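Asker: Got a structure for you, my_file_34.txt, holding compact mmCIF, C-alpha atoms.
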# COMPACT_ATOMS: atom_id res chain seq x y z
CA MET B 1 -25.80 7.46 132.20
CA THR B 2 -25.61 8.30 128.52
CA VAL B 3 -28.11 6.31 126.47
CA PRO B 4 -26.28 4.26 123.84
CA VAL B 5 -27.47 5.34 120.40
CA THR B 6 -26.28 3.59 117.23
CA ILE B 7 -27.21 5.01 113.83
CA HIS B 8 -25.94 3.40 110.64
CA LEU B 9 -26.62 4.23 107.00
CA GLN B 10 -25.16 1.47 104.92
CA GLU B 11 -25.35 -0.44 101.66
CA ALA B 12 -24.80 -3.84 103.26
CA ASP B 13 -27.56 -5.97 104.75
CA PHE B 14 -27.64 -6.44 108.52
CA ASP B 15 -28.50 -9.18 111.03
CA VAL B 16 -31.59 -8.24 113.05
CA ALA B 17 -30.94 -10.77 115.85
CA HIS B 18 -27.34 -9.59 116.19
CA GLU B 19 -28.40 -5.95 116.50
CA ILE B 20 -31.02 -6.73 119.15
CA ALA B 21 -28.53 -8.78 121.17
CA ALA B 22 -25.86 -6.07 120.86
CA LEU B 23 -28.18 -3.48 122.36
CA SER B 24 -28.95 -5.42 125.53
CA ARG B 25 -25.78 -7.49 126.02
CA GLY B 26 -24.22 -7.15 129.47
CA ARG B 27 -26.97 -4.93 130.83
CA THR B 28 -29.51 -5.57 133.57
CA ASP B 29 -31.36 -2.24 133.43
CA ILE B 30 -33.32 -3.13 130.28
CA GLY B 31 -36.74 -4.66 130.77
CA ALA B 32 -38.12 -4.33 127.26
CA VAL B 33 -36.74 -4.36 123.74
CA VAL B 34 -38.92 -3.61 120.71
CA SER B 35 -37.63 -4.07 117.19
CA PHE B 36 -39.15 -3.19 113.83
CA SER B 37 -37.59 -4.36 110.62
CA GLY B 38 -38.82 -3.23 107.22
CA ILE B 39 -38.28 -5.84 104.51
CA CYS B 40 -38.39 -5.56 100.73
CA ARG B 41 -41.59 -7.24 99.44
CA GLY B 42 -41.68 -9.28 96.26
CA ASP B 43 -44.86 -7.67 95.00
CA GLU B 44 -46.68 -4.37 95.13
CA GLY B 45 -50.41 -4.42 94.46
CA GLY B 46 -50.13 -7.69 92.52
CA ASP B 47 -47.14 -6.58 90.41
CA ALA B 48 -43.88 -8.50 90.88
CA ILE B 49 -40.97 -6.45 92.19
CA ALA B 50 -37.45 -7.43 91.09
CA ALA B 51 -35.68 -4.94 93.39
CA LEU B 52 -35.86 -1.58 95.10
CA THR B 53 -33.14 1.02 94.75
CA LEU B 54 -32.95 3.52 97.60
CA GLU B 55 -31.46 6.91 96.90
CA HIS B 56 -30.57 9.11 99.87
CA TYR B 57 -29.22 12.55 100.65
CA PRO B 58 -25.83 11.87 102.27
CA GLY B 59 -25.19 14.19 105.18
CA MET B 60 -28.81 15.19 105.62
CA ALA B 61 -30.09 11.64 106.07
CA GLU B 62 -27.71 11.07 109.01
CA ALA B 63 -28.54 14.47 110.51
CA GLU B 64 -32.29 14.02 110.16
CA ILE B 65 -32.25 10.56 111.72
CA ALA B 66 -30.08 11.86 114.57
CA ARG B 67 -32.55 14.70 115.19
CA HIS B 68 -35.42 12.19 115.42
CA ALA B 69 -33.39 9.93 117.69
CA GLU B 70 -32.81 12.87 120.04
CA GLU B 71 -36.50 13.70 120.02
CA ALA B 72 -37.41 10.08 120.83
CA LEU B 73 -34.96 10.12 123.76
CA ALA B 74 -36.47 13.38 125.01
CA ARG B 75 -40.05 12.09 124.82
CA TRP B 76 -39.71 8.56 126.19
CA PRO B 77 -37.47 7.03 128.89
CA LEU B 78 -35.48 4.92 126.43
CA THR B 79 -32.29 3.24 127.60
CA GLY B 80 -30.93 2.23 124.20
CA LEU B 81 -31.61 2.87 120.53
CA THR B 82 -30.37 1.42 117.26
CA ILE B 83 -31.42 2.68 113.82
CA ILE B 84 -30.08 1.17 110.59
CA HIS B 85 -31.25 2.31 107.15
CA ARG B 86 -29.89 0.81 103.96
CA PHE B 87 -29.42 2.51 100.60
CA GLY B 88 -28.60 1.16 97.16
CA ARG B 89 -30.18 -1.89 95.49
CA ILE B 90 -32.23 -4.20 97.71
CA VAL B 91 -33.90 -7.39 96.51
CA PRO B 92 -37.09 -9.00 97.89
CA GLY B 93 -36.55 -10.71 101.24
CA GLU B 94 -33.71 -8.39 102.28
CA ASN B 95 -33.90 -5.88 105.10
CA ILE B 96 -34.39 -2.18 104.37
CA VAL B 97 -34.60 -0.58 107.79
CA LEU B 98 -34.28 -1.50 111.46
CA VAL B 99 -35.35 0.34 114.59
CA VAL B 100 -34.58 -1.20 118.00
CA THR B 101 -35.63 0.55 121.19
CA ALA B 102 -34.85 -0.50 124.75
CA SER B 103 -36.46 0.68 127.97
CA SER B 104 -37.28 -0.45 131.49
CA HIS B 105 -40.88 -1.09 130.47
CA ARG B 106 -42.60 -1.93 127.22
CA GLU B 107 -44.73 1.18 126.68
CA ALA B 108 -41.81 3.53 126.01
CA ALA B 109 -40.08 0.96 123.80
CA PHE B 110 -43.21 0.37 121.67
CA GLN B 111 -44.06 4.06 121.35
CA GLY B 112 -40.50 5.18 120.67
CA ALA B 113 -40.10 2.60 117.90
CA GLU B 114 -43.41 3.53 116.30
CA PHE B 115 -42.62 7.24 116.45
CA LEU B 116 -39.23 6.70 114.84
CA MET B 117 -40.61 4.56 112.02
CA ASP B 118 -43.43 7.01 111.26
CA TYR B 119 -40.88 9.82 111.03
CA LEU B 120 -38.36 7.82 109.01
CA LYS B 121 -41.10 7.17 106.43
CA THR B 122 -42.00 10.81 105.94
CA ARG B 123 -39.00 12.97 106.98
CA ALA B 124 -35.80 11.01 106.36
CA PRO B 125 -34.46 11.92 102.90
CA PHE B 126 -34.69 8.54 101.16
CA TRP B 127 -36.48 7.73 97.91
CA LYS B 128 -37.43 4.27 96.65
CA ARG B 129 -37.31 3.31 93.01
CA GLU B 130 -39.06 0.06 92.09
CA GLU B 131 -37.88 -2.33 89.40
CA GLY B 132 -40.90 -4.28 88.22
CA ALA B 133 -41.82 -6.60 85.36
CA SER B 134 -43.20 -3.66 83.36
CA GLY B 135 -40.28 -1.27 83.92
CA SER B 136 -39.13 0.85 86.81
CA GLY B 137 -40.41 3.95 88.52
CA TRP B 138 -40.27 6.04 91.67
CA VAL B 139 -42.54 4.94 94.51
CA ASP B 140 -45.22 7.53 95.37
CA ALA B 141 -45.49 8.81 98.91
CA HIS B 142 -48.62 7.66 100.75
CA ASP B 143 -51.02 10.00 102.55
CA ARG B 144 -51.42 7.29 105.19
CA ASP B 145 -47.75 7.69 106.11
CA ASP B 146 -48.25 11.45 106.59
CA SER B 147 -51.28 10.74 108.78
CA ALA B 148 -49.28 8.24 110.82
CA ALA B 149 -46.49 10.79 111.41
CA ALA B 150 -48.99 13.54 112.23
CA ARG B 151 -50.20 11.52 115.26
CA TRP B 152 -46.94 12.36 117.02
CA ALA B 153 -47.04 16.13 116.44
CA LYS B 154 -46.84 18.05 119.69
CA PRO B 155 -49.98 20.09 120.49
CA MET P 15 -24.88 28.46 96.43
CA LYS P 16 -24.86 24.76 95.79
CA VAL P 17 -28.17 23.35 94.57
CA LEU P 18 -28.84 19.61 94.82
CA TYR P 19 -31.55 17.51 93.20
CA PHE P 20 -32.73 14.05 94.23
CA ALA P 21 -34.87 11.20 92.85
CA TRP P 22 -37.16 12.22 89.95
CA VAL P 23 -36.30 15.89 90.37
CA ARG P 24 -32.65 14.93 89.68
CA GLU P 25 -33.63 12.77 86.71
CA ARG P 26 -35.79 15.49 85.16
CA VAL P 27 -33.21 18.27 85.68
CA GLY P 28 -30.55 15.93 84.30
CA LYS P 29 -27.95 16.61 86.99
CA ALA P 30 -27.41 15.89 90.68
CA GLU P 31 -25.97 19.27 91.64
CA GLU P 32 -24.81 22.62 90.34
CA ALA P 33 -23.53 25.96 91.60
CA LEU P 34 -25.99 28.80 91.02
CA ASP P 35 -26.03 32.51 91.74
CA PRO P 36 -29.65 33.68 91.51
CA PRO P 37 -30.40 37.41 91.30
CA PRO P 38 -31.21 39.30 94.54
CA ALA P 39 -34.95 39.38 93.73
CA VAL P 40 -35.00 35.62 94.32
CA ALA P 41 -35.66 35.79 98.07
CA THR P 42 -37.46 32.60 99.11
CA VAL P 43 -37.44 28.90 98.28
CA ALA P 44 -40.63 29.43 96.24
CA ASP P 45 -38.93 32.27 94.33
CA LEU P 46 -35.98 29.99 93.59
CA ILE P 47 -38.30 27.27 92.27
CA ALA P 48 -39.99 29.84 89.99
CA TRP P 49 -36.60 31.14 88.81
CA LEU P 50 -35.29 27.61 88.16
CA SER P 51 -38.45 26.78 86.19
CA GLN P 52 -37.49 29.48 83.67
CA ARG P 53 -34.05 27.99 83.04
CA GLY P 54 -35.14 25.46 80.44
CA GLU P 55 -37.54 22.69 79.54
CA GLU P 56 -35.89 20.18 81.85
CA TYR P 57 -36.31 22.53 84.84
CA ALA P 58 -39.87 23.42 83.82
CA HIS P 59 -40.63 19.69 83.77
CA ALA P 60 -38.99 19.00 87.14
CA PHE P 61 -40.81 21.89 88.83
CA GLU P 62 -44.12 21.70 86.92
CA LYS P 63 -46.00 20.99 90.17
CA PRO P 64 -44.14 23.27 92.59
CA LYS P 65 -46.35 22.42 95.60
CA VAL P 66 -45.22 18.78 95.42
CA ILE P 67 -41.54 19.73 95.68
CA ARG P 68 -39.87 19.52 99.11
CA ALA P 69 -36.83 21.58 100.01
CA ALA P 70 -33.98 21.59 102.50
CA ILE P 71 -31.57 24.42 103.32
CA ASP P 72 -28.23 23.36 104.74
CA ARG P 73 -29.64 19.87 105.37
CA MET P 74 -32.75 20.96 107.31
CA HIS P 75 -36.29 20.65 105.98
CA VAL P 76 -37.79 24.07 105.18
CA LYS P 77 -41.10 25.41 103.93
CA GLN P 78 -41.21 27.20 100.60
CA ASP P 79 -41.73 30.62 102.17
CA THR P 80 -38.32 30.36 103.89
CA THR P 81 -35.71 32.94 102.90
CA ILE P 82 -32.68 31.62 101.04
CA ALA P 83 -30.40 34.42 102.27
CA GLY P 84 -27.16 32.94 103.58
CA ALA P 85 -27.92 29.42 102.35
CA ARG P 86 -24.87 27.41 101.31
CA GLU P 87 -26.71 24.30 100.11
CA ILE P 88 -30.30 24.03 98.90
CA ALA P 89 -31.81 20.69 97.95
CA PHE P 90 -35.00 19.93 96.03
CA PHE P 91 -36.67 16.54 96.10
CA PRO P 92 -40.03 14.72 95.94
CA PRO P 93 -41.91 13.62 99.07
CA MET P 94 -39.78 11.06 100.87
CA THR P 95 -40.42 7.32 100.65
CA GLY P 96 -37.87 5.76 103.00
CA GLY P 97 -38.41 3.38 105.89
So that I can check it, write out the structure of this file as structure tokens.

Answerer:
Amino acid sequence: MTVPVTIHLQEADFDVAHEIAALSRGRTDIGAVVSFSGICRGDEGGDAIAALTLEHYPGMAEAEIARHAEEALARWPLTGLTIIHRFGRIVPGENIVLVVTASSHREAAFQGAEFLMDYLKTRAPFWKREEGASGSGWVDAHDRDDSAAARWAKP
Amino acid sequence: MKVLYFAWVRERVGKAEEALDPPPAVATVADLIAWLSQRGEEYAHAFEKPKVIRAAIDRMHVKQDTTIAGAREIAFFPPMTGG
């Protein structure tokens, strides 16, 4: 059976509960669903954030996420996968990204979701610009995100 | 070839994309960065720390020693901060 994979890049917000339900509705082969949602925080290191604006590389962002989705399916016995990444202006409290993985058992679902998030952070062509009280600026990449992604490198 | 710029690279260069025809001596991504840096102050500013710059050829990540022969679209951008 082909594993259902849904990938959306969109400006609009999404409903996490709806996406989780949509992945498992009508199926009895799924024993575990893991979801991660990334949400826009209202502060960064004590500074208030008014909004984030996400720029992306249309065409490549879709292709890069699809490549990582294929790799996740090759490495873990996943039975369903949904990835949604927003772009444009996002205010605190709104969703930025969603990864939902389904499998027969929890281990694959947890690991697949973590792998996908670590790779989205460091390899998907998106860039965050922060609007704060003291002006706006591009968010710097974190070494800790590179270290997190490096855990999944194949020997 | 089409050259695209994103995030602060785009802001510093002052444009999102342009069509360029570099001379044959410009063989790799690193060569292209060096060639672009000579095109004006805005390019010199965008590429002042070349090792920080990430590149993609035809929508695939590449290292800077990759050849640009045959590339239709080359993009330059800072380290990614999505997710």

Asker: Using Å and a single decimal, report how far atom CA of P:Asp35 sits from atom CA of P:Val66.

Answerer: 23.9 Å

Asker: Would you work out the distance separating atom CA of P:Ile47 from atom CA of P:Phe90, expressed in Å to one decimal?

Answerer: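 Those two atoms sit 8.9 Å apart.
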
Asker: Residues of chain P no more than 9 Å from chain B, counting only C-alpha atoms: send them over as a PyMOL selection string.

Answerer: chain P and resi 20-22+70+72-75+89+91-97

Asker: At what distance in Å, to one decimal, does atom CA of P:His59 lie from atom CA of P:Tyr19?

Answerer: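 Atom CA of P:His59 lies at a distance of 13.3 Å from atom CA of P:Tyr19.
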
Asker: Could you list, as a list in words, every residue within 10 Å of stretch 51-55 of chain P, counting all atoms listed in the file and ignoring same-chain residues fewer than 5 positions away?

Answerer: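 Final neighbour list, sorted by chain and number: Arg26, Val27, Asp45, Leu46, Ala60, Phe61, Glu62 and Pro64 of chain P.
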
Asker: Any idea what's packed within 8 Å of stretch 39-42 of chain P, counting only C-alpha atoms, ignoring anything in its chain fewer than 5 positions away? Could you give it as a PyMOL selection string?

Answerer: chain P and resi 49+78-83

Asker: Using only the atoms of stretch 65-82 of chain B listed in the file, plus 5 Å on each side, state the axis-aligned box centre and edge lengths in Å rounded to one decimal, as AutoDock Vina command-line options.

Answerer:
--center_x -35.1 --center_y 8.1 --center_z 120.3 --size_x 20.0 --size_y 23.3 --size_z 27.2

Asker: Show me the residues close to (-21.6, 20.8, 91.8) - anything with an atom within 12 Å, counting only C-alpha atoms - and format the list as a ChimeraX atom specification.

Answerer: /P:15-19,29-34,87-89

Asker: Can you list, as a ChimeraX atom specification, every protein, DNA or RNA residue that comes within 8 Å of B:Pro4 when you count only C-alpha atoms, leaving out same-chain residues fewer than 2 positions away?

Answerer: /B:2,6,79-81

Asker: B:Cys40: which residues within 6 Å, counting all atoms listed in the file, same-chain residues fewer than 4 positions away excluded, as an MDAnalysis selection string?

Answerer: chainID B and resid 92:94
